[in-house]
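Structure data follow from input.txt (compact mmCIF, C-alpha atoms):
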```
# COMPACT_ATOMS: atom_id res chain seq x y z
CA MET Z 1 20.18 -1.75 -1.64
CA ARG Z 2 19.22 -5.02 -3.31
CA GLN Z 3 15.84 -4.93 -1.58
CA ALA Z 4 15.18 -1.41 -2.87
CA LEU Z 5 16.04 -2.59 -6.39
CA ILE Z 6 13.68 -5.57 -6.20
CA LYS Z 7 10.85 -3.39 -4.88
CA ASP Z 8 11.44 -0.85 -7.64
CA TYR Z 9 11.57 -3.66 -10.23
CA PHE Z 10 8.22 -4.96 -8.92
CA TYR Z 11 6.41 -1.67 -9.44
CA HIS Z 12 8.20 -1.00 -12.72
CA GLN Z 13 7.09 -4.39 -14.05
CA ALA Z 14 3.54 -3.72 -12.87
CA TYR Z 15 3.62 -0.35 -14.66
CA MET Z 16 5.04 -1.81 -17.89
CA LYS Z 17 2.50 -4.66 -17.91
CA ASN Z 18 -0.39 -2.45 -16.73
CA VAL Z 19 -1.23 -4.90 -13.93
CA PRO Z 20 -3.22 -3.63 -10.95
CA VAL Z 21 -1.09 -4.84 -8.05
CA SER Z 22 -2.38 -2.37 -5.43
CA VAL Z 23 -5.86 -1.34 -4.36
CA MET Z 24 -7.16 0.92 -1.63
CA ILE Z 25 -10.64 -0.01 -0.38
CA GLU Z 26 -12.70 2.47 1.61
CA LEU Z 27 -14.54 0.18 4.03
CA LEU Z 28 -16.81 2.90 5.48
CA THR Z 29 -16.97 6.63 6.09
CA LYS Z 30 -18.21 6.31 9.69
CA CYS Z 31 -15.60 7.56 12.13
CA ASN Z 32 -15.27 8.15 15.84
CA LEU Z 33 -13.21 11.30 15.21
CA ARG Z 34 -13.88 14.52 13.31
CA CYS Z 35 -10.45 15.62 12.13
CA LYS Z 36 -10.48 19.17 10.84
CA HIS Z 37 -8.47 18.40 7.69
CA CYS Z 38 -10.48 15.36 6.62
CA TYR Z 39 -11.55 15.24 2.95
CA LEU Z 40 -14.70 13.24 3.68
CA PRO Z 41 -17.82 15.46 3.61
CA ALA Z 42 -19.89 13.05 5.73
CA HIS Z 43 -19.41 10.10 8.08
CA SER Z 44 -22.62 8.14 7.72
CA ASN Z 45 -21.82 5.32 5.31
CA SER Z 46 -21.32 1.83 6.78
CA GLY Z 47 -19.80 0.58 3.54
CA LEU Z 48 -20.21 -2.48 1.35
CA GLY Z 49 -21.67 -5.66 2.79
CA PHE Z 50 -19.39 -8.46 3.96
CA ASP Z 51 -20.36 -10.88 1.19
CA LYS Z 52 -19.68 -8.30 -1.50
CA LEU Z 53 -16.29 -7.45 0.03
CA LYS Z 54 -15.40 -11.13 0.27
CA SER Z 55 -16.16 -11.75 -3.40
CA LEU Z 56 -14.38 -8.51 -4.26
CA LEU Z 57 -11.18 -9.70 -2.57
CA TYR Z 58 -11.25 -12.93 -4.59
CA GLU Z 59 -11.82 -10.93 -7.77
CA LEU Z 60 -8.98 -8.57 -6.93
CA ARG Z 61 -6.61 -11.47 -6.33
CA GLU Z 62 -7.58 -12.99 -9.66
CA ALA Z 63 -6.86 -9.64 -11.35
CA GLY Z 64 -3.31 -9.56 -9.94
CA VAL Z 65 -3.71 -7.44 -6.82
CA VAL Z 66 -1.33 -8.29 -4.00
CA ASN Z 67 -1.41 -5.04 -1.95
CA VAL Z 68 -4.74 -4.32 -0.25
CA SER Z 69 -5.14 -1.19 1.85
CA PHE Z 70 -8.19 -0.84 4.05
CA THR Z 71 -9.16 2.75 4.81
CA GLY Z 72 -12.15 4.72 6.06
CA GLY Z 73 -13.59 6.49 8.06
CA GLU Z 74 -12.33 4.43 10.96
CA ILE Z 75 -11.93 0.82 9.89
CA PHE Z 76 -12.08 -0.63 13.42
CA LEU Z 77 -15.73 0.43 13.57
CA ARG Z 78 -16.42 -2.48 11.22
CA GLN Z 79 -17.28 -5.60 13.21
CA ASP Z 80 -16.14 -7.80 10.33
CA LEU Z 81 -12.73 -6.14 9.85
CA PHE Z 82 -10.71 -9.08 11.18
CA GLU Z 83 -12.65 -11.51 8.99
CA LEU Z 84 -11.86 -9.37 5.97
CA ILE Z 85 -8.18 -9.26 6.89
CA GLU Z 86 -8.17 -13.05 7.33
CA ILE Z 87 -9.66 -13.53 3.87
CA ALA Z 88 -7.07 -11.25 2.28
CA ARG Z 89 -4.26 -13.04 4.09
CA LYS Z 90 -5.57 -16.49 3.12
CA LEU Z 91 -5.40 -15.21 -0.47
CA HIS Z 92 -1.73 -14.38 0.22
CA MET Z 93 -2.28 -10.66 -0.17
CA ARG Z 94 -0.45 -7.97 1.75
CA VAL Z 95 -2.74 -6.02 4.07
CA PHE Z 96 -2.13 -2.38 4.94
CA LEU Z 97 -4.39 -0.78 7.54
CA LEU Z 98 -5.11 2.97 7.72
CA SER Z 99 -6.63 3.86 11.07
CA ASN Z 100 -6.73 6.61 13.68
CA GLY Z 101 -5.49 3.99 16.13
CA THR Z 102 -7.83 4.94 18.98
CA LEU Z 103 -10.00 1.80 19.04
CA LEU Z 104 -7.29 -0.82 19.50
CA ASN Z 105 -6.59 -2.99 22.49
CA ASP Z 106 -3.92 -5.54 23.33
CA LYS Z 107 -5.97 -8.52 22.16
CA MET Z 108 -6.66 -6.87 18.81
CA ALA Z 109 -3.01 -5.96 18.36
CA GLU Z 110 -2.06 -9.57 19.09
CA ARG Z 111 -4.59 -10.77 16.55
CA LEU Z 112 -3.22 -8.38 13.91
CA SER Z 113 0.26 -9.65 14.63
CA ASN Z 114 -0.81 -13.27 14.16
CA LEU Z 115 -2.39 -12.31 10.84
CA HIS Z 116 0.93 -10.81 9.70
CA ILE Z 117 -0.41 -7.56 8.31
CA ALA Z 118 2.10 -5.56 6.28
CA GLU Z 119 1.66 -2.23 8.02
CA PHE Z 120 -0.49 -0.21 10.42
CA SER Z 121 -0.63 3.40 9.28
CA THR Z 122 -1.93 6.16 11.53
CA THR Z 123 -1.85 9.91 11.96
CA VAL Z 124 -0.17 11.92 14.68
CA PHE Z 125 -0.71 15.65 14.36
CA SER Z 126 1.39 16.72 17.32
CA LEU Z 127 2.83 15.40 20.57
CA ARG Z 128 1.13 18.32 22.31
CA GLU Z 129 -2.26 16.97 23.29
CA GLY Z 130 -3.84 20.40 23.08
CA ILE Z 131 -2.98 20.56 19.40
CA HIS Z 132 -3.58 16.91 18.46
CA ASP Z 133 -6.88 16.64 20.32
CA SER Z 134 -8.17 19.96 18.94
CA ILE Z 135 -7.59 18.64 15.42
CA THR Z 136 -9.23 15.25 16.05
CA GLY Z 137 -12.06 16.76 18.05
CA LEU Z 138 -11.65 14.16 20.81
CA LYS Z 139 -10.07 15.03 24.16
CA GLY Z 140 -7.66 12.32 25.21
CA SER Z 141 -7.21 10.93 21.68
CA LEU Z 142 -3.45 11.56 21.64
CA GLU Z 143 -2.86 9.67 24.88
CA ILE Z 144 -4.94 6.73 23.65
CA LEU Z 145 -3.11 6.69 20.31
CA LEU Z 146 0.37 6.83 21.83
CA ASN Z 147 -0.50 3.94 24.17
CA ASN Z 148 -1.83 1.93 21.25
CA LEU Z 149 1.29 2.61 19.20
CA GLN Z 150 3.23 0.89 21.98
CA LEU Z 151 0.87 -2.08 21.78
CA LEU Z 152 1.57 -2.37 18.07
CA LYS Z 153 5.29 -2.14 18.75
CA LYS Z 154 5.05 -4.78 21.47
CA HIS Z 155 3.46 -7.15 18.96
CA ASN Z 156 6.09 -6.39 16.29
CA ILE Z 157 3.66 -4.80 13.87
CA ARG Z 158 5.22 -2.41 11.38
CA VAL Z 159 3.94 1.10 12.02
CA ARG Z 160 3.84 4.11 9.74
CA VAL Z 161 3.08 7.49 11.29
CA LYS Z 162 1.83 10.19 8.97
CA THR Z 163 1.70 13.85 9.87
CA PRO Z 164 -0.36 16.17 7.68
CA LEU Z 165 1.34 19.49 8.23
CA MET Z 166 -1.04 22.40 8.75
CA ASN Z 167 -0.81 25.96 10.00
CA VAL Z 168 -1.85 24.73 13.48
CA ASN Z 169 0.85 22.06 13.84
CA MET Z 170 3.62 23.11 11.45
CA HIS Z 171 6.30 23.25 14.11
CA ASP Z 172 5.47 19.89 15.66
CA TYR Z 173 6.75 17.39 13.11
CA LYS Z 174 10.30 17.24 14.41
CA GLU Z 175 9.23 15.88 17.78
CA ILE Z 176 7.01 13.34 16.04
CA LYS Z 177 9.93 12.27 13.87
CA GLU Z 178 12.07 11.81 16.98
CA LEU Z 179 9.35 9.62 18.49
CA CYS Z 180 9.26 7.57 15.31
CA ASP Z 181 13.03 7.24 15.13
CA HIS Z 182 13.15 6.11 18.77
CA ASN Z 183 10.43 3.50 18.21
CA LYS Z 184 11.52 2.50 14.69
CA PHE Z 185 8.24 3.64 13.18
CA ASP Z 186 8.23 4.76 9.57
CA PHE Z 187 7.50 8.50 9.32
CA HIS Z 188 5.92 10.53 6.58
CA VAL Z 189 5.10 14.23 6.70
CA SER Z 190 3.30 16.24 4.04
CA PRO Z 191 1.90 19.78 3.82
CA LEU Z 192 -0.77 18.68 1.33
CA ILE Z 193 -4.26 19.40 2.61
CA PHE Z 194 -7.06 19.20 0.11
CA SER Z 195 -10.73 20.12 -0.20
CA LYS Z 196 -13.50 17.82 0.81
CA THR Z 197 -14.63 15.60 -2.02
CA ASP Z 198 -17.92 17.52 -2.33
CA GLY Z 199 -15.96 20.68 -3.16
CA ASN Z 200 -16.13 22.24 0.33
CA GLU Z 201 -12.84 24.09 0.56
CA ALA Z 202 -12.84 24.54 4.35
CA PRO Z 203 -9.86 22.18 4.98
CA LYS Z 204 -7.70 24.31 2.66
CA GLN Z 205 -7.86 27.08 5.29
CA LEU Z 206 -5.51 24.85 7.27
CA ARG Z 207 -2.82 24.89 4.57
CA ILE Z 208 0.44 26.43 5.62
CA ALA Z 209 0.98 29.85 4.07
CA LYS Z 210 3.72 29.90 1.43
CA GLU Z 211 5.99 32.21 3.44
CA ASP Z 212 5.78 29.82 6.42
CA LEU Z 213 6.23 26.71 4.29
CA ALA Z 214 9.42 27.91 2.63
CA PRO Z 215 11.71 27.40 5.67
CA ILE Z 216 10.49 23.88 6.38
CA LEU Z 217 9.83 22.37 2.94
CA LYS Z 218 13.49 21.54 2.33
CA GLU Z 219 13.68 19.64 5.62
CA ILE Z 220 10.54 17.63 5.02
CA ASP Z 221 11.54 16.88 1.40
CA GLU Z 222 14.78 15.35 2.64
CA GLN Z 223 12.82 12.97 4.79
CA THR Z 224 10.03 11.98 2.48
CA ARG Z 225 10.51 12.91 -1.16
CA ASN Z 226 10.69 9.75 -3.25
CA LYS Z 227 13.67 9.13 -5.44
CA HIS Z 228 12.56 7.32 -8.57
CA LEU Z 229 14.83 5.07 -10.58
CA HIS Z 230 12.65 5.42 -13.66
CA GLU Z 231 11.41 8.42 -15.60
CA TYR Z 232 7.94 8.12 -17.05
CA ASP Z 233 6.27 10.24 -19.69
CA VAL Z 234 2.94 10.14 -17.83
CA PRO Z 235 1.76 12.39 -15.01
CA CYS Z 236 1.53 9.51 -12.56
CA ALA Z 237 2.93 6.00 -13.02
CA ALA Z 238 0.85 4.69 -10.11
CA LEU Z 239 -2.26 4.97 -12.31
CA PHE Z 240 -0.93 1.95 -14.20
CA TYR Z 241 -0.67 -0.35 -11.21
CA SER Z 242 -3.08 0.85 -8.55
CA PHE Z 243 -6.63 2.08 -8.05
CA ALA Z 244 -9.20 2.76 -5.35
CA ILE Z 245 -12.74 1.63 -4.49
CA ASP Z 246 -15.01 3.69 -2.29
CA CYS Z 247 -17.70 2.49 0.09
CA ASN Z 248 -20.36 2.74 -2.63
CA GLY Z 249 -18.37 0.48 -4.95
CA ASP Z 250 -17.30 3.35 -7.20
CA VAL Z 251 -13.85 2.84 -8.72
CA PHE Z 252 -11.30 5.64 -9.02
CA PRO Z 253 -7.74 5.81 -10.38
CA CYS Z 254 -6.57 6.65 -6.86
CA ASN Z 255 -8.17 7.53 -3.51
CA SER Z 256 -7.21 11.17 -4.04
CA PHE Z 257 -8.22 11.26 -7.72
CA PHE Z 258 -11.98 11.73 -7.73
CA TYR Z 259 -12.69 10.81 -11.34
CA LYS Z 260 -15.01 7.83 -11.36
CA VAL Z 261 -14.05 5.11 -13.83
CA GLY Z 262 -16.55 2.40 -12.96
CA ASN Z 263 -18.57 0.66 -10.27
CA ILE Z 264 -18.12 -2.88 -8.99
CA PHE Z 265 -21.88 -3.52 -9.00
CA ASN Z 266 -22.06 -2.80 -12.73
CA ASP Z 267 -18.88 -4.42 -13.96
CA THR Z 268 -16.03 -6.73 -13.06
CA ILE Z 269 -12.70 -5.45 -11.80
CA LYS Z 270 -10.88 -6.78 -14.88
CA ASN Z 271 -13.36 -5.13 -17.24
CA ILE Z 272 -13.08 -1.81 -15.43
CA TRP Z 273 -9.27 -1.98 -15.38
CA TYR Z 274 -8.80 -2.99 -19.00
CA GLU Z 275 -11.92 -1.68 -20.78
CA SER Z 276 -13.22 1.42 -18.96
CA GLU Z 277 -13.11 4.28 -21.45
CA SER Z 278 -12.82 6.76 -18.57
CA LEU Z 279 -9.77 4.99 -17.19
CA LYS Z 280 -8.22 4.67 -20.65
CA PHE Z 281 -8.70 8.41 -21.12
CA ILE Z 282 -6.85 9.13 -17.88
CA LYS Z 283 -4.05 6.70 -18.67
CA ASN Z 284 -3.56 8.08 -22.18
CA ILE Z 285 -2.68 11.51 -20.85
CA LYS Z 286 1.00 12.22 -21.37
CA ASN Z 287 3.12 14.91 -19.74
CA SER Z 288 3.28 16.65 -23.12
CA ASP Z 289 -0.55 17.05 -23.01
CA LEU Z 290 -0.36 19.21 -19.91
CA LYS Z 291 -0.26 22.62 -21.58
CA ALA Z 292 -0.15 24.39 -18.22
CA CYS Z 293 3.04 22.48 -17.33
CA VAL Z 294 5.03 22.17 -20.54
CA ASN Z 295 6.52 25.64 -20.34
CA CYS Z 296 6.37 26.06 -16.58
CA GLU Z 297 9.63 27.25 -15.11
CA TYR Z 298 9.11 25.01 -12.05
CA LYS Z 299 8.25 21.74 -13.75
CA VAL Z 300 11.49 19.99 -12.77
CA GLN Z 301 10.83 20.50 -9.07
CA CYS Z 302 7.10 19.89 -9.23
CA ASP Z 303 5.33 16.82 -7.79
CA ARG Z 304 2.12 17.44 -9.65
CA CYS Z 305 -0.77 15.19 -8.74
CA PRO Z 306 -3.50 14.85 -11.40
CA GLY Z 307 -6.03 14.19 -8.65
CA MET Z 308 -5.20 17.46 -6.93
CA ALA Z 309 -5.30 19.31 -10.25
CA LEU Z 310 -8.83 18.01 -10.78
CA LEU Z 311 -9.96 18.76 -7.22
CA ASP Z 312 -8.48 22.25 -7.06
CA ASN Z 313 -8.88 23.44 -10.64
CA LYS Z 314 -11.62 21.20 -12.06
CA SER Z 315 -9.54 19.69 -14.87
CA VAL Z 316 -7.17 16.72 -15.13
CA PHE Z 317 -5.06 18.89 -17.44
CA ALA Z 318 -4.90 21.85 -15.05
CA CYS Z 319 -2.06 23.05 -12.92
CA ASP Z 320 -1.84 21.58 -9.43
CA THR Z 321 -1.43 24.98 -7.88
CA PHE Z 322 -0.29 23.75 -4.47
CA ALA Z 323 2.37 21.51 -6.02
CA ARG Z 324 3.46 24.47 -8.14
CA SER Z 325 3.88 26.71 -5.12
CA CYS Z 326 6.00 23.99 -3.45
CA ALA Z 327 8.05 23.68 -6.65
CA GLU Z 328 8.59 27.43 -6.65
CA ILE Z 329 9.96 27.19 -3.11
CA ARG Z 330 12.21 24.27 -4.14
CA SER Z 331 13.60 26.23 -7.06
CA ASN Z 332 15.39 28.42 -4.53
CA TYR Z 333 17.46 25.51 -3.26
CA CYS Z 334 17.33 22.76 -5.92
CA MET W 1 11.46 -43.82 7.50
CA CYS W 2 10.03 -40.74 5.81
CA THR W 3 12.44 -38.15 4.46
CA GLU W 4 11.87 -34.61 3.25
CA SER W 5 10.65 -35.86 -0.12
CA CYS W 6 7.58 -37.37 1.57
CA SER W 7 6.72 -34.02 3.08
CA ASP W 8 3.74 -31.85 2.24
CA VAL W 9 4.86 -28.36 1.37
CA PHE W 10 2.92 -25.25 2.42
CA TYR W 11 3.39 -21.51 2.15
CA SER W 12 4.30 -19.94 5.51
CA LYS W 13 1.61 -17.86 7.20
CA ASN W 14 3.83 -14.76 7.22
CA ILE W 15 4.17 -14.45 3.46
CA ALA W 16 2.29 -12.82 0.60
CA TRP W 17 3.09 -13.47 -3.02
CA ILE W 18 2.13 -12.71 -6.59
CA LEU W 19 2.97 -13.93 -10.08
CA LEU W 20 3.74 -10.85 -12.20
CA GLY W 21 4.64 -11.65 -15.77
CA ASP W 22 7.39 -14.29 -15.66
CA ASP W 23 8.40 -13.50 -12.09
CA VAL W 24 7.13 -14.46 -8.67
CA PHE W 25 7.51 -11.92 -5.89
CA VAL W 26 7.35 -13.23 -2.33
CA PHE W 27 6.91 -10.77 0.54
CA ASP W 28 7.92 -11.77 4.08
CA GLU W 29 5.81 -9.71 6.48
CA ILE W 30 8.08 -10.50 9.43
CA THR W 31 11.36 -9.36 7.93
CA ASP W 32 9.85 -6.95 5.34
CA LYS W 33 12.04 -8.63 2.72
CA VAL W 34 10.90 -9.28 -0.81
CA TYR W 35 12.20 -12.20 -2.86
CA LEU W 36 12.30 -12.39 -6.65
CA LEU W 37 11.89 -15.91 -7.99
CA LYS W 38 12.63 -16.89 -11.57
CA ASP W 39 12.91 -20.09 -13.59
CA ILE W 40 13.06 -23.23 -11.46
CA SER W 41 12.55 -21.47 -8.13
CA LYS W 42 9.46 -19.83 -9.61
CA GLU W 43 8.17 -23.17 -10.89
CA PHE W 44 8.74 -24.74 -7.50
CA TRP W 45 6.84 -21.94 -5.78
CA LEU W 46 3.85 -22.13 -8.12
CA LEU W 47 3.57 -25.90 -7.73
CA ILE W 48 3.06 -25.52 -3.98
CA GLN W 49 -0.40 -24.12 -4.82
CA GLU W 50 -1.44 -27.54 -6.01
CA LYS W 51 -0.62 -28.89 -2.55
CA LYS W 52 1.89 -31.40 -3.80
CA LYS W 53 4.39 -33.38 -1.86
CA LEU W 54 7.99 -32.38 -2.39
CA MET W 55 8.70 -35.50 -4.44
CA ASP W 56 5.76 -34.75 -6.73
CA ILE W 57 7.04 -31.20 -7.23
CA ILE W 58 10.51 -32.51 -8.10
CA HIS W 59 9.05 -35.01 -10.58
CA GLN W 60 6.98 -32.32 -12.27
CA ILE W 61 9.94 -29.92 -12.57
CA ALA W 62 12.14 -32.72 -13.93
CA GLU W 63 9.51 -33.39 -16.57
CA SER W 64 9.08 -29.68 -17.45
CA TYR W 65 12.80 -29.18 -17.88
CA ASN W 66 13.37 -32.62 -19.45
CA VAL W 67 15.96 -33.49 -16.85
CA ASP W 68 16.55 -36.77 -15.05
CA PHE W 69 14.85 -36.89 -11.63
CA ILE W 70 18.00 -38.08 -9.87
CA VAL W 71 20.01 -35.25 -11.40
CA ILE W 72 17.66 -32.51 -10.19
CA LYS W 73 16.46 -33.97 -6.88
CA ASN W 74 19.32 -32.72 -4.74
CA ASP W 75 19.24 -29.21 -6.18
CA ILE W 76 15.53 -28.79 -5.61
CA THR W 77 15.68 -30.27 -2.14
CA LYS W 78 18.44 -27.79 -1.40
CA LEU W 79 16.23 -24.98 -2.77
CA ALA W 80 13.33 -26.14 -0.60
CA ARG W 81 15.55 -26.22 2.48
CA LYS W 82 16.63 -22.65 1.74
CA PHE W 83 12.98 -21.58 1.55
CA VAL W 84 12.37 -23.28 4.89
CA GLU W 85 15.42 -21.62 6.45
CA ASN W 86 14.12 -18.23 5.25
CA ASN W 87 10.71 -19.02 6.72
CA LEU W 88 8.94 -18.81 3.36
CA ILE W 89 7.59 -22.37 3.35
CA VAL W 90 6.95 -25.07 5.89
CA TRP W 91 6.84 -28.77 5.38
CA SER W 92 5.23 -31.52 7.36
CA ASP W 93 6.04 -35.18 7.25
CA ALA W 94 3.47 -37.36 5.59
CA VAL W 95 2.13 -40.08 7.85
```

Translate this file's structure into structure tokens.
Amino acid sequence: MRQALIKDYFYHQAYMKNVPVSVMIELLTKCNLRCKHCYLPAHSNSGLGFDKLKSLLYELREAGVVNVSFTGGEIFLRQDLFELIEIARKLHMRVFLLSNGTLLNDKMAERLSNLHIAEFSTTVFSLREGIHDSITGLKGSLEILLNNLQLLKKHNIRVRVKTPLMNVNMHDYKEIKELCDHNKFDFHVSPLIFSKTDGNEAPKQLRIAKEDLAPILKEIDEQTRNKHLHEYDVPCAALFYSFAIDCNGDVFPCNSFFYKVGNIFNDTIKNIWYESESLKFIKNIKNSDLKACVNCEYKVQCDRCPGMALLDNKSVFACDTFARSCAEIRSNYC
Amino acid sequence: MCTESCSDVFYSKNIAWILLGDDVFVFDEITDKVYLLKDISKEFWLLIQEKKKLMDIIHQIAESYNVDFIVIKNDITKLARKFVENNLIVWSDAV
């Protein structure tokens, strides 16, 4: 309980002081898989150069960042990944890795363990290889991943398994949760599937239909819905303590909020965080400014994401229609 | 014979930490625990950055708080030992 309070106090302090304590860095978009739900429209970018990333990490530390998440694409395709992790760790930052987990081996897992990363986060779509492999596009990917999860466990690395719930795997999360419980992996399941960042809506075809989502939403909410100790009058408190950088150096409020607020080649991190007019605009939005939400009958149960509102309905003030449909379902049991 | 006060003090390899406002948060990546340090424990932690020996850290804290060195030495040594026990810092004997 005390630990939960300290962690909450940490993020609350970061919010109140507007300090960027967390950053997600997209190291590349190249990937060895082609997951059907992926929001990336292409997989050709090798990402920022090593020297730029090294200086970026120092700059981030200076700005107050302690949590660094490396994402992609598939981050283990970068030959310099371990060097980047070492730099972040030498700067006493926490390192979170987001990976499909298929390119690991025992030596690499041992090395990650010795570097004391905070977490290895990966995606399991199903424990049925026909389903999982059809989503990733790589036959055998489930078997490889499950073996590698055991390597991570063997080396005492904290693992988080995420399951994006889609119409092709919506009945499979319970088995995955059992696997996670048995292996003491953290588990997170979500039915949120969004468009590709270029507007291609193909991934949304994988969203679970509302009538199918209704029976399972309550169960997955119980496992994963955050309970906040603080109420904020802004659409998303995380905008005040975290941000994202893509592999072109573009800076965004979040890696699912595609509203560019700066670029690291044109400005410093501190300047972008404290002076960017675009970011100030986003942060100045209050819940009372969301005309679509103020009188909505489902607002209490809604987990609106401003990034999703922008992606789906082209406005940061718009309704997040998927969140609204989930809220409508919740209103039947909340 | 060298005692603890001759020791160099280092952050353990398994930790991450940040100064946020008036507080230091220390994250242990082995136990997944987070520690909140305030006041003297915070000052002690921040002084490790300057790669000081334990005795130098104690002297500096005594000066900052306008307290006699002898009065504060035992308390801070006890604090340091607790950090060592919790695997947050390591110390090595000076040669």

Do me a favour and pick out the residues of chain Z within 10 Å of chain W, using all atoms listed in the file, as a VMD selection string. chain Z and resid 2 to 4 6 to 7 9 to 11 13 to 14 17 19 21 61 64 to 67 88 to 95 113 to 119 156 to 158

Identify the residues within 8 Å of coordinate (3.8, -27.9, -2.3) (same frame as the file), considering only C-alpha atoms, and give the answer as a PDB file with C-alpha atoms, in the coordinates of the input.
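Written out: point-v2.pdb:
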```pdb
ATOM      1  CA  ASP W   8       3.740 -31.850   2.240  1.00  0.00           C
ATOM      2  CA  VAL W   9       4.860 -28.360   1.370  1.00  0.00           C
ATOM      3  CA  PHE W  10       2.920 -25.250   2.420  1.00  0.00           C
ATOM      4  CA  TYR W  11       3.390 -21.510   2.150  1.00  0.00           C
ATOM      5  CA  PHE W  44       8.740 -24.740  -7.500  1.00  0.00           C
ATOM      6  CA  TRP W  45       6.840 -21.940  -5.780  1.00  0.00           C
ATOM      7  CA  LEU W  47       3.570 -25.900  -7.730  1.00  0.00           C
ATOM      8  CA  ILE W  48       3.060 -25.520  -3.980  1.00  0.00           C
ATOM      9  CA  GLN W  49      -0.400 -24.120  -4.820  1.00  0.00           C
ATOM     10  CA  GLU W  50      -1.440 -27.540  -6.010  1.00  0.00           C
ATOM     11  CA  LYS W  51      -0.620 -28.890  -2.550  1.00  0.00           C
ATOM     12  CA  LYS W  52       1.890 -31.400  -3.800  1.00  0.00           C
ATOM     13  CA  LYS W  53       4.390 -33.380  -1.860  1.00  0.00           C
ATOM     14  CA  LEU W  54       7.990 -32.380  -2.390  1.00  0.00           C
ATOM     15  CA  ILE W  57       7.040 -31.200  -7.230  1.00  0.00           C
TER      16      ILE W  57
END
```

Quick one: residues within 12 Å of Gln205 in chain Z, all atoms listed in the file, excluding same-chain residues fewer than 5 positions away - as a ChimeraX atom specification? /Z:36-37,166-168,192-196,200

Just checking: using all atoms listed in the file, which residue out of Z:Lys174, Z:Lys153, Z:His12, Z:Arg160 ends up closest to Ala237 in chain Z? Z:His12

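Between CA of Val261 in chain Z and CA of Ala42 in chain Z the separation is 21.9 Å.
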
Would you list the contacts of Val316 in chain Z as a ChimeraX atom specification, taking every protein, DNA or RNA residue within 6 Å and counting only C-alpha atoms, but skipping same-chain residues closer than 5 positions in sequence? /Z:306,309-310

What's around Phe187 in chain Z at 9 Å? Count only C-alpha atoms, leave out sequence neighbours fewer than 6 positions away in its own chain, and write the answer as JSON, numbers by chain. {"Z": [159, 160, 161, 162, 163, 176, 177, 180, 181, 223, 224]}

Deliver the residues from the most recent selection as a file, using C-alpha atoms, as a PDB file, in the coordinates of the input.
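Listing of out.pdb after writing:
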```
ATOM      1  CA  VAL Z 159       3.940   1.100  12.020  1.00  0.00           C
ATOM      2  CA  ARG Z 160       3.840   4.110   9.740  1.00  0.00           C
ATOM      3  CA  VAL Z 161       3.080   7.490  11.290  1.00  0.00           C
ATOM      4  CA  LYS Z 162       1.830  10.190   8.970  1.00  0.00           C
ATOM      5  CA  THR Z 163       1.700  13.850   9.870  1.00  0.00           C
ATOM      6  CA  ILE Z 176       7.010  13.340  16.040  1.00  0.00           C
ATOM      7  CA  LYS Z 177       9.930  12.270  13.870  1.00  0.00           C
ATOM      8  CA  CYS Z 180       9.260   7.570  15.310  1.00  0.00           C
ATOM      9  CA  ASP Z 181      13.030   7.240  15.130  1.00  0.00           C
ATOM     10  CA  GLN Z 223      12.820  12.970   4.790  1.00  0.00           C
ATOM     11  CA  THR Z 224      10.030  11.980   2.480  1.00  0.00           C
TER      12      THR Z 224
END
```
